[in-house]
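This report concerns only the one structure given below.
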Amino acid sequence: MIIKISTWNVNGVRARIDVLTSWLKNNQPDILCLQETKCVNEEFPKDHFESMGYIVYLNGQKSFNGVAILSKYELTDLDFQIYHDKEEEQARFIEAVLKIPNNLPFKINCIYLPNGNPYPSAKFDYKLDWMDRLVERAKMNISLELPYIILGDFNIIPTEEDVYDHTNWLDDALFRIESRKKYRQLKNLGLYDAFLLDTKSMVEYTHWDYQGGAWDKNEGIRIDHILLSPSACNIFKNMTSHTNTRASEKPSDHIPVTAEFQFV
DNA sequence: ATGACCTAACTTTTAGGA
């Protein structure tokens with residue numbers, strides 16, 4: 001069986017309900033990780049997605065941030081905190097495990113990595129600190145040698161290839177060398193970028209700003225990623241960028257991306 | 001130029017996003 005796992009920064013789940021609903025109907029992912037849901041758990045349209053056949057796991061927050069996982073299968077071993085030694089002030093993380101009989105447990109980290117702008121600032125420092133936590137979490141999870149993926153809005157432009165004109169982004173927290181070095185440190189633990197494993201073109205963006213006609217001019221950036229552990233890599237089939245969703249009515253500024261895995 | 005961004009919030013302006 002094929003398992004489809006997607007990630008999408010929707011920029012407000014309530015504002016995006018129509019776009020989200022039609023995309024789910026057309027694409028039928030088994031699991032969809034959402035970022036920037038921008039509402040507390042009580043305000044999340046949970047019943048709506050349940051009526052579409054999804055189990056809903058929520059880590060919401062008022063107005064900002066907020067992550068969620070919609071899944072056709074029950075998930076276990078949930079963890080909503082990347083920080084355990086201090087009060088978690090921002091809802092940006094869900095860890096969960098998919099257990100399909102006769103398959104190895106498949107661990108998922110749904111992340112909304114801090115933006116970090118402006119540079120320099122306390123927000124930038126928070127971004128780097130959050131990334132240190134992610135590196136520690138990944139290190140531990142990779143050591144289990146089971147299928148494990150980190151997916152979501154990383155707010156990281158990995159290379160000059162991943163932005164229309166990197167000279168505009170030199171002092172932006174998404175492209176600052178400190179951010180990209182931490183991302184490299186994460187990847188160098190032994191994670192593979194699903195996009196690079198299945199690249200159809202050198203340039204494929206996941207975000208276009210609402211301002212300045214960025215979409216029409218294709219002035220985008222690639223910041224939504226799916227990273228695979230070696231044993232997730234072993235069952236990886238392909239990666240799809242759903243670019244056309246950016247052209248829909250009332251779109252998110254991000255598009256969804258999907259990785260498919262071969263389960264037995 | 002008729003206009004040039006979107007979401008959410010104790011909403012008529014501001015914070016946050018990227």
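Within each chain, counting starts at residue 1; across the structure tokens, chains are named A, B, ... in the order shown, with ligands numbered 1 upward in that order.
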
Show me, as an NGL selection string, the residues that have an atom within 10 Å of range 237-246 of chain A when counting only C-alpha atoms (C1' of nucleotides), minus same-chain residues fewer than 6 positions from it.
:A and (2-6 or 8 or 19-20 or 23 or 27 or 193-200 or 204-208 or 215 or 224 or 226 or 252-262)

Which chain A residues have any atom within 9 Å of an atom of chain B, and for each, what is the nearest pair of atoms with distance in Å to one decimal, counting only C-alpha atoms (C1' of nucleotides), rows sorted by chain and number, as a tab-separated table?
```
residue	atom	partner	partner_atom	distance
A:Asn11	CA	B:DT7	C1'	7.1
A:Gly12	CA	B:DT7	C1'	6.5
A:Ala15	CA	B:DT7	C1'	7.7
A:Lys38	CA	B:DA8	C1'	7.6
A:Cys39	CA	B:DA8	C1'	8.7
A:Lys62	CA	B:DA8	C1'	8.7
A:Ser63	CA	B:DA8	C1'	5.4
A:Phe64	CA	B:DG16	C1'	7.6
A:Asn115	CA	B:DA18	C1'	7.4
A:Asn117	CA	B:DA18	C1'	8.4
A:Asn155	CA	B:DA18	C1'	8.1
A:Asp172	CA	B:DA18	C1'	8.9
A:Leu174	CA	B:DA18	C1'	8.0
A:His207	CA	B:DA18	C1'	8.6
A:Trp208	CA	B:DA18	C1'	8.8
A:Asp209	CA	B:DA18	C1'	6.9
A:Tyr210	CA	B:DC5	C1'	4.8
A:Gln211	CA	B:DC5	C1'	4.8
A:Gly212	CA	B:DA4	C1'	7.3
A:Gly213	CA	B:DA4	C1'	8.8
A:Ser252	CA	B:DC6	C1'	8.8
A:Asp253	CA	B:DC6	C1'	8.7
```

Could you turn the residues from that selection into a file that holds N, CA and C atoms, as an mmCIF file, in the first residue's frame?
```
data_model
loop_
_atom_site.group_PDB
_atom_site.id
_atom_site.type_symbol
_atom_site.label_atom_id
_atom_site.label_comp_id
_atom_site.auth_asym_id
_atom_site.auth_seq_id
_atom_site.Cartn_x
_atom_site.Cartn_y
_atom_site.Cartn_z
ATOM 1 N N ASN A 11 -1.884 29.314 6.574
ATOM 2 C CA ASN A 11 -2.104 30.720 6.925
ATOM 3 C C ASN A 11 -3.547 30.963 7.378
ATOM 4 N N GLY A 12 -3.943 30.263 8.410
ATOM 5 C CA GLY A 12 -5.292 30.418 8.980
ATOM 6 C C GLY A 12 -6.219 29.308 8.506
ATOM 7 N N ALA A 15 -9.785 30.621 7.645
ATOM 8 C CA ALA A 15 -9.826 31.411 6.404
ATOM 9 C C ALA A 15 -9.638 30.532 5.169
ATOM 10 N N LYS A 38 -3.580 29.196 13.363
ATOM 11 C CA LYS A 38 -3.996 30.493 13.921
ATOM 12 C C LYS A 38 -5.291 30.462 14.720
ATOM 13 N N CYS A 39 -5.499 29.398 15.479
ATOM 14 C CA CYS A 39 -6.654 29.383 16.385
ATOM 15 C C CYS A 39 -6.422 28.397 17.526
ATOM 16 N N LYS A 62 -3.879 30.921 20.286
ATOM 17 C CA LYS A 62 -4.698 32.051 19.855
ATOM 18 C C LYS A 62 -3.962 32.928 18.832
ATOM 19 N N SER A 63 -4.617 33.197 17.720
ATOM 20 C CA SER A 63 -4.152 34.186 16.708
ATOM 21 C C SER A 63 -2.957 33.781 15.860
ATOM 22 N N PHE A 64 -1.921 33.225 16.499
ATOM 23 C CA PHE A 64 -0.674 32.984 15.786
ATOM 24 C C PHE A 64 -0.259 31.513 15.874
ATOM 25 N N ASN A 115 10.066 31.984 12.262
ATOM 26 C CA ASN A 115 10.517 32.847 11.162
ATOM 27 C C ASN A 115 11.857 33.505 11.499
ATOM 28 N N ASN A 117 12.704 36.712 11.858
ATOM 29 C CA ASN A 117 12.971 38.107 11.492
ATOM 30 C C ASN A 117 12.494 39.039 12.587
ATOM 31 N N ASN A 155 10.904 27.530 7.380
ATOM 32 C CA ASN A 155 11.358 28.924 7.291
ATOM 33 C C ASN A 155 12.869 29.003 7.035
ATOM 34 N N ASP A 172 18.019 38.379 5.614
ATOM 35 C CA ASP A 172 16.742 37.823 6.061
ATOM 36 C C ASP A 172 17.007 36.546 6.878
ATOM 37 N N LEU A 174 15.519 33.900 7.023
ATOM 38 C CA LEU A 174 15.296 32.646 6.297
ATOM 39 C C LEU A 174 16.527 32.218 5.497
ATOM 40 N N HIS A 207 6.597 28.859 -1.560
ATOM 41 C CA HIS A 207 5.976 30.072 -1.007
ATOM 42 C C HIS A 207 6.191 31.260 -1.942
ATOM 43 N N TRP A 208 5.125 32.009 -2.154
ATOM 44 C CA TRP A 208 5.199 33.267 -2.898
ATOM 45 C C TRP A 208 4.483 34.312 -2.070
ATOM 46 N N ASP A 209 5.145 35.424 -1.811
ATOM 47 C CA ASP A 209 4.551 36.496 -1.012
ATOM 48 C C ASP A 209 3.267 37.002 -1.663
ATOM 49 N N TYR A 210 2.350 37.463 -0.814
ATOM 50 C CA TYR A 210 1.119 38.062 -1.346
ATOM 51 C C TYR A 210 1.413 39.393 -2.040
ATOM 52 N N GLN A 211 2.491 40.043 -1.632
ATOM 53 C CA GLN A 211 2.761 41.409 -2.101
ATOM 54 C C GLN A 211 3.547 41.444 -3.410
ATOM 55 N N GLY A 212 3.352 42.556 -4.114
ATOM 56 C CA GLY A 212 4.202 42.866 -5.257
ATOM 57 C C GLY A 212 4.092 41.930 -6.442
ATOM 58 N N GLY A 213 2.981 41.200 -6.535
ATOM 59 C CA GLY A 213 2.799 40.294 -7.666
ATOM 60 C C GLY A 213 3.826 39.179 -7.724
ATOM 61 N N SER A 252 -3.568 30.235 0.281
ATOM 62 C CA SER A 252 -2.483 30.449 1.243
ATOM 63 C C SER A 252 -1.284 30.969 0.468
ATOM 64 N N ASP A 253 -0.349 31.606 1.165
ATOM 65 C CA ASP A 253 0.879 32.016 0.460
ATOM 66 C C ASP A 253 1.848 30.836 0.306
#
```

Excluding Asn103 in chain A and its own-chain neighbours fewer than 3 positions away, which residues fall within 7 Å of it when counting only C-alpha atoms (C1' of nucleotides)? Please give them as a PyMOL selection string.
chain A and resi 100+263-264

Could you take the residues named above and write them with N, CA and C atoms, as a PDB file, in the first residue's frame?
```pdb
ATOM      1  N   ILE A 100       1.225   0.865  11.157  1.00  0.00           N
ATOM      2  CA  ILE A 100       0.444   0.047  10.228  1.00  0.00           C
ATOM      3  C   ILE A 100       0.919  -1.396  10.404  1.00  0.00           C
ATOM      4  N   PHE A 263       4.393   1.195   1.716  1.00  0.00           N
ATOM      5  CA  PHE A 263       4.191   0.299   2.850  1.00  0.00           C
ATOM      6  C   PHE A 263       3.791  -1.082   2.311  1.00  0.00           C
ATOM      7  N   VAL A 264       3.996  -2.104   3.133  1.00  0.00           N
ATOM      8  CA  VAL A 264       3.586  -3.444   2.672  1.00  0.00           C
ATOM      9  C   VAL A 264       2.104  -3.658   2.997  1.00  0.00           C
TER      10      VAL A 264
END
```

Backbone-only DSSP, strand (DSSP E) members of range 137-256 of chain A, as a compact mmCIF listing (two decimals) with N, CA and C atoms, in the first residue's frame:
```
# COMPACT_ATOMS: atom_id res chain seq x y z
N TYR A 148 11.47 7.72 9.95
CA TYR A 148 11.23 8.97 10.69
C TYR A 148 11.32 10.12 9.71
N ILE A 149 10.34 11.01 9.73
CA ILE A 149 10.40 12.19 8.85
C ILE A 149 10.09 13.46 9.63
N ILE A 150 10.73 14.53 9.21
CA ILE A 150 10.43 15.86 9.73
C ILE A 150 9.85 16.64 8.56
N LEU A 151 8.65 17.16 8.72
CA LEU A 151 8.06 17.90 7.62
C LEU A 151 7.30 19.12 8.13
N GLY A 152 7.27 20.13 7.29
CA GLY A 152 6.56 21.34 7.68
C GLY A 152 7.18 22.58 7.06
N ASP A 153 6.81 23.71 7.68
CA ASP A 153 7.35 25.00 7.26
C ASP A 153 8.63 25.25 8.07
N TYR A 192 17.60 13.11 4.55
CA TYR A 192 17.58 13.37 3.11
C TYR A 192 16.39 14.26 2.77
N ASP A 193 16.62 15.23 1.92
CA ASP A 193 15.57 16.14 1.46
C ASP A 193 14.79 15.44 0.35
N HIS A 207 6.60 28.86 -1.56
CA HIS A 207 5.98 30.07 -1.01
C HIS A 207 6.19 31.26 -1.94
N TRP A 208 5.13 32.01 -2.15
CA TRP A 208 5.20 33.27 -2.90
C TRP A 208 4.48 34.31 -2.07
N GLY A 220 9.48 33.27 -5.92
CA GLY A 220 9.17 32.40 -4.79
C GLY A 220 10.40 31.97 -4.02
N ILE A 221 10.14 31.21 -2.96
CA ILE A 221 11.20 30.62 -2.15
C ILE A 221 10.80 29.19 -1.79
N ASP A 224 9.32 24.98 2.56
CA ASP A 224 8.55 23.88 3.14
C ASP A 224 9.23 22.59 2.70
N HIS A 225 9.67 21.81 3.67
CA HIS A 225 10.53 20.66 3.37
C HIS A 225 10.02 19.38 4.01
N ILE A 226 10.46 18.25 3.42
CA ILE A 226 10.23 16.94 4.02
C ILE A 226 11.58 16.24 4.10
N LEU A 227 12.05 16.03 5.32
CA LEU A 227 13.35 15.38 5.53
C LEU A 227 13.13 13.94 5.99
N LEU A 228 13.93 13.03 5.43
CA LEU A 228 13.73 11.60 5.64
C LEU A 228 14.92 10.96 6.34
N PHE A 236 10.70 5.46 0.48
CA PHE A 236 10.25 6.67 -0.22
C PHE A 236 9.99 6.40 -1.69
N LYS A 237 8.85 6.90 -2.18
CA LYS A 237 8.49 6.70 -3.59
C LYS A 237 8.72 7.97 -4.41
N ASN A 238 8.10 9.07 -4.00
CA ASN A 238 8.20 10.31 -4.79
C ASN A 238 7.74 11.51 -3.99
N MET A 239 7.98 12.67 -4.57
CA MET A 239 7.63 13.95 -3.92
C MET A 239 6.88 14.82 -4.94
N THR A 240 5.82 15.45 -4.47
CA THR A 240 5.03 16.32 -5.36
C THR A 240 4.86 17.69 -4.73
N SER A 241 5.09 18.74 -5.52
CA SER A 241 4.76 20.11 -5.11
C SER A 241 3.44 20.49 -5.77
```

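The two atoms in question, CA of Val203 in chain A and CA of Glu161 in chain A, are spaced 6.6 Å apart.
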